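Take a look at the structure set out below.
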Amino acid sequence: MVRIALGQLNTTVGDLDGNVARMIEWTSRAAEQAADLICFPELAITGYPPEDLVLRSGFVEDNLAALDALARSTAGSSCAVMVGFVDHTDAGLHNAAALLRDGRVQERYHKIQLPNYGVFDEKRYFVPGDAACSVRLASADLGLSVCEDAWSGDAPFDEYARTHPQVILNINGSPYHHGKGTERLEICRDRARQTGAWIVYVNAVGGQDELVFDGGSMVVTAEGEVVARAAMFQEELAFVDLLPLPDHGRWSVTLGALDEPWPTGPEEVYRALVLGLRDYVSKNGFRQVVVGISGGIDSALVATIAVDALGPDAVHVLTMPSPYSSPESVEDSIDCAARLGVRIDVVSIADAFDAYRRTLSDQFADTQDGIAEENLQSRIRGNLLMALSNKFGSLVLATGNKSEYAVGYATLYGDMAGGFAPIKDVPKTLVYEVAAWRNAHGPGEPPIPDRIMTKPPTAELRPNQLDTDSLPPYDVLDPIIEAYVEEDVDVDAIVARGFDRETVERVTRMIDRAEYKRRQAAPGVKITPKAFGRDRRLPITNRYEPS
């Protein structure tokens with residue numbers, strides 16, 4: 001029998017000593033539970049992804065010293081360790097996994113399949129390995145692999161299909177997007193059926209800039225059945241006992257951890273947003289956030305996420321009415337803040353708006369009020385929020401959603417001001433679904449008042465303004481954005497899905513023109529397969545017009 005511990009750990013990029021200290025602690029806990037092996041995530045020594053840190057030779061050397069320190073901690077321990085680190089050979093740098101036992105590095109494996117799409121740039125940093133790696137531990141032959149290795153049937157899994165290790169270990173830094181857990185499960189099943197081996201899949205958990213790692217570690221039998229599963233969006237040390245059976249070399253499981261079912265739908269998205277915000281704030285040393293709350297759904301959801309991530313004492317909200325703000329919006333902001341238990345200040349921008357207009361009266365003479373005056377209000381609010389940030393060291397949270405960022409329905413240096421944008425990758429229609437889930441499933445009374453949930457979306461920057469004055473309805477807009485941005489579908493193909501051509505052409509032009517704004521936006525949690533920023537990289541200066 002072999003007992004394997006799945007070390008679903010939240011590491012921090014660059015915190016080599018801290019990461020190792022936690023892994024030593026977890027290894028000790030695993031040994032106390034008689035584990036033969038504990039597996040930690042991909043590049044757990046450095047934190048994932050270390051990006052251009054690996055181009056610094058000193059960082060690579062420090063990471064190797066940290067690996068040796070972790071190896072020394074296994075001296076005299078019954079529990080071996082598999083961990084991800086950065087290795088270097090004459091060929092270059094490698095995304096690597098080490099098997100540590102008896103105080104030393106016993107085996108090194110170099111990741112063969114290097115992803116270079118979406119958020120991944122591994123070919124920028126690493127050279128691929130060229131060989132599978134098998135080890136004998138307890139009563140099992142184990143094959144080593146790292147993340148992307150499992151996403152094709154090529155090396156090293158084609159080799160394991162020939163050599164037949166009973167168990168293949170796959171350590172991961174697999175970032176979240178909506179529905180990713182189902183994809184991973186199918187990949188594990190495919191590799192299990194290909195090789196006839198059990199797959200032990202260990203994923204990272206935690207937030208790193210825009211990325212969220214959702215955990216969801218699992219063990220899959222050679223027939224594709226899930227027999228052990230760790231939680232999503234939280235750390236967990238899970239154990240599985242794999243037992244050889246006398247007939248035909250089959251294996252069985254005598255101990256497995258099956259927690260509550262993994263979250264799906266809006267709950268899954270909400271938990272990703274909370275984890276991403278919590279880790280961005282805590283890992284960057286902030287103690288408080290400040291949110292401009294308008295009485296609309298986006299800012300109410302961001303404030304709610306912030307409270308669930310950080311606690312009410314760490315959240316300060318401002319509502320900043322202008323001459324065009326309705327009394328109901330101020331009332332709804334105060335109601336939402338009371339439900340969340342956070343401090344709220346009502347700071348009118350009317351006098352500041354008048355002062356700006358007086359200051360610009362000569363320059364604006366003989367012109368009609370328009371976008372310039374609307375944006376002045378948004379920028380005044382951004383200035384007030386940033387002033388609080390500077391004075392008290394709090395992090396400003398921008399409240400824009402993916403639909404707004406897509407078409408440029410947001411003000412640079414205004415409502416786009418902030419250090420982090422939690423719902424930046426959440427389309428407006430999904431904002432409502434996530435808010436409705438949170439209202440129905442959180443502790444205490446629903447945090448978002450019904451009137452916020454039901455009122456027509458409006459920026460309230462001019463009299464009687466509605467979002468639909470400038471945009472198609474969101475249930476029309478969001479599918480067009482999804483097709484054009486996430487699927488790279490052209491205009492004709494989108495029209496063929498049943499959308500009005502004029503609307504599609506207008507929306508796609510808006511998306512293309514807004515690229516310069518998105519380049520200046522704060523980072524935000526990635527929850528879709530293709531988020532703005534790391535996933536989608538288009539030139540700002542660009543005369544191509546799709547048809």
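Residue numbering restarts at 1 in every chain; chains get A, B, ... in the order shown in the structure tokens, and ligands count up from 1 in that same order.
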**OP:** Identify, with DSSP run on backbone atoms, the residues in segment 270-479 of chain A assigned to alpha helix (DSSP H), and express the list as a VMD selection string.
**Re:** chain A and resid 270 to 283 297 to 310 327 to 340 350 to 359 371 to 392 402 to 407 428 to 441 450 to 454 474 to 479
**OP:** Show which residues sit within 7 Å of Ile293 of chain A, as a list in words. Count only C-alpha atoms, and ignore same-chain residues fewer than 2 positions away.
**Re:** Val291, Gly295, Ser299, Ala300, Val317, Leu318, Thr319 and Ser333 of chain A
Original post:
Counting only C-alpha atoms, what is within 10 Å of Gln113 of chain A, bar same-chain residues fewer than 5 positions away, as a list in words?
Top reply: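 Answer for this query is Asn95, Glu122, Lys123, Val127, Pro128, Gly129, Asp130, Ser145, Val146, Cys147, Glu148, Asp149, Ala150, Trp151, Ser152, Asp154, Ala155 and Pro156 of chain A.
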Original post:
Where does DSSP see strand (DSSP E) in segment 299-479 of chain A, if you list the residues as a PyMOL selection string?
Top reply: chain A and resi 315-319+343-346+395-397
**OP:** Within 7 Å of segment 456-473 of chain A, counting only C-alpha atoms, which residues show up once you throw out same-chain ones fewer than 3 positions away? Write them as a list in words, please.
**Re:** Gly296, Tyr324, Ser325, Glu374, Val476 and Leu477 of chain A
Expected file contents, prior selection, N, CA and C atoms, as a PDB file, in the first residue's frame:
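Saved as result.pdb:
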```pdb
ATOM      1  N   GLY A 296     -25.893  51.228  -7.527  1.00  0.00           N
ATOM      2  CA  GLY A 296     -26.049  50.305  -8.638  1.00  0.00           C
ATOM      3  C   GLY A 296     -25.549  48.918  -8.288  1.00  0.00           C
ATOM      4  N   TYR A 324     -27.152  64.915 -10.494  1.00  0.00           N
ATOM      5  CA  TYR A 324     -28.013  64.016 -11.264  1.00  0.00           C
ATOM      6  C   TYR A 324     -28.315  62.712 -10.536  1.00  0.00           C
ATOM      7  N   SER A 325     -27.763  62.532  -9.355  1.00  0.00           N
ATOM      8  CA  SER A 325     -28.025  61.310  -8.593  1.00  0.00           C
ATOM      9  C   SER A 325     -29.417  61.369  -7.993  1.00  0.00           C
ATOM     10  N   GLU A 374     -20.010  64.790 -18.218  1.00  0.00           N
ATOM     11  CA  GLU A 374     -20.296  63.514 -17.553  1.00  0.00           C
ATOM     12  C   GLU A 374     -19.020  62.927 -16.944  1.00  0.00           C
ATOM     13  N   VAL A 476     -28.399  41.230 -25.029  1.00  0.00           N
ATOM     14  CA  VAL A 476     -27.951  41.212 -26.422  1.00  0.00           C
ATOM     15  C   VAL A 476     -26.450  41.482 -26.493  1.00  0.00           C
ATOM     16  N   LEU A 477     -26.004  42.451 -25.722  1.00  0.00           N
ATOM     17  CA  LEU A 477     -24.599  42.860 -25.773  1.00  0.00           C
ATOM     18  C   LEU A 477     -23.648  41.746 -25.330  1.00  0.00           C
TER      19      LEU A 477
END
```
Quick one: everything within 10 Å of Thr508 of chain A, counting only C-alpha atoms, minus sequence neighbours fewer than 6 positions away in the same chain. Send it as an mmCIF file with N, CA, C and O atoms, in the first residue's frame.
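Contents of the output file selection_27.cif:
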```
data_model
loop_
_atom_site.group_PDB
_atom_site.id
_atom_site.type_symbol
_atom_site.label_atom_id
_atom_site.label_comp_id
_atom_site.auth_asym_id
_atom_site.auth_seq_id
_atom_site.Cartn_x
_atom_site.Cartn_y
_atom_site.Cartn_z
ATOM 1 N N ALA A 406 -15.380 46.125 -22.107
ATOM 2 C CA ALA A 406 -15.323 45.674 -23.499
ATOM 3 C C ALA A 406 -15.619 46.810 -24.462
ATOM 4 O O ALA A 406 -14.895 47.015 -25.446
ATOM 5 N N VAL A 407 -16.676 47.559 -24.205
ATOM 6 C CA VAL A 407 -17.130 48.573 -25.168
ATOM 7 C C VAL A 407 -16.695 49.979 -24.792
ATOM 8 O O VAL A 407 -17.083 50.948 -25.438
ATOM 9 N N ILE A 480 -22.702 38.975 -27.796
ATOM 10 C CA ILE A 480 -21.864 39.488 -28.882
ATOM 11 C C ILE A 480 -20.422 39.642 -28.390
ATOM 12 O O ILE A 480 -19.462 39.264 -29.075
ATOM 13 N N ILE A 481 -20.255 40.184 -27.179
ATOM 14 C CA ILE A 481 -18.917 40.329 -26.604
ATOM 15 C C ILE A 481 -18.263 38.954 -26.436
ATOM 16 O O ILE A 481 -17.092 38.768 -26.780
ATOM 17 N N TYR A 484 -17.145 37.663 -29.885
ATOM 18 C CA TYR A 484 -16.064 38.424 -30.523
ATOM 19 C C TYR A 484 -14.763 38.378 -29.720
ATOM 20 O O TYR A 484 -13.673 38.256 -30.287
ATOM 21 N N VAL A 485 -14.881 38.441 -28.401
ATOM 22 C CA VAL A 485 -13.693 38.516 -27.545
ATOM 23 C C VAL A 485 -13.190 37.133 -27.160
ATOM 24 O O VAL A 485 -12.002 36.830 -27.295
ATOM 25 N N ASP A 490 -15.936 36.159 -36.189
ATOM 26 C CA ASP A 490 -16.032 37.383 -36.977
ATOM 27 C C ASP A 490 -17.481 37.872 -37.071
ATOM 28 O O ASP A 490 -18.421 37.205 -36.629
ATOM 29 N N VAL A 491 -17.627 39.063 -37.642
ATOM 30 C CA VAL A 491 -18.934 39.720 -37.669
ATOM 31 C C VAL A 491 -19.967 38.874 -38.385
ATOM 32 O O VAL A 491 -21.098 38.694 -37.905
ATOM 33 N N ALA A 514 -11.845 50.639 -27.839
ATOM 34 C CA ALA A 514 -11.622 50.778 -26.396
ATOM 35 C C ALA A 514 -10.348 50.101 -25.916
ATOM 36 O O ALA A 514 -10.084 50.095 -24.707
ATOM 37 N N GLU A 545 -10.178 46.405 -39.893
ATOM 38 C CA GLU A 545 -11.606 46.443 -39.619
ATOM 39 C C GLU A 545 -12.204 45.096 -39.994
ATOM 40 O O GLU A 545 -12.291 44.759 -41.179
ATOM 41 N N PRO A 546 -12.612 44.304 -39.003
ATOM 42 C CA PRO A 546 -13.150 42.968 -39.298
ATOM 43 C C PRO A 546 -14.485 43.067 -40.016
ATOM 44 O O PRO A 546 -15.223 44.041 -39.890
ATOM 45 N N SER A 547 -14.771 42.049 -40.775
ATOM 46 C CA SER A 547 -16.053 42.013 -41.494
ATOM 47 C C SER A 547 -16.746 40.695 -41.211
ATOM 48 O O SER A 547 -16.183 39.799 -40.603
#
```
Subject >> Residue with smallest distance to Asp488 of chain A - pool A:Gly196, A:Gly285, A:Pro427, A:Pro529, counting only C-alpha atoms >> reply: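 Between A:Gly196, A:Gly285, A:Pro427, A:Pro529, the residue approaching Asp488 of chain A most closely is A:Pro529.
Each of A:Ala350, A:Thr11, A:Ala435, A:Ala5 was checked against Asp450 of chain A using only C-alpha atoms; the smallest atom-to-atom distance is that of A:Ala435.
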**OP:** Would you work out the distance separating atom CA of Tyr201 of chain A from atom CA of Glu267 of chain A, expressed in Å to one decimal?
**Re:** 23.2 Å
Subject >> One-decimal distance in Å that lies between atom CA of Ala96 of chain A and atom CA of Tyr109 of chain A >> reply: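 Distance between the two atoms: 5.5 Å.
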Original post:
Mind pulling up the distance from atom CA of Gly341 of chain A to atom CA of Glu445 of chain A?
Top reply: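 Between these atoms lies a distance of 11.1 Å.
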Subject >> Spatial neighbours of segment 205-221 of chain A, max dist 8 Å, only C-alpha atoms, sep filter under 6 positions, as a PyMOL selection string >> reply: chain A and resi 6+8-13+48-49+173-176+181+188-189+192+197-199+227-235+240+262+272+275-280+523-526
**OP:** Using only C-alpha atoms, determine which residues lie at most 12 Å from Asp345 of chain A, disregarding the query and same-chain residues fewer than 4 positions distant; provide the list as a list in words.
**Re:** Val290, Val291, Gly292, Ile293, Ser294, Val315, His316, Val317, Leu318, Thr319, Met320, Pro321, Val330, Ser333, Ile334, Ala337, Ala338, Leu384, Leu385 and Leu388 of chain A
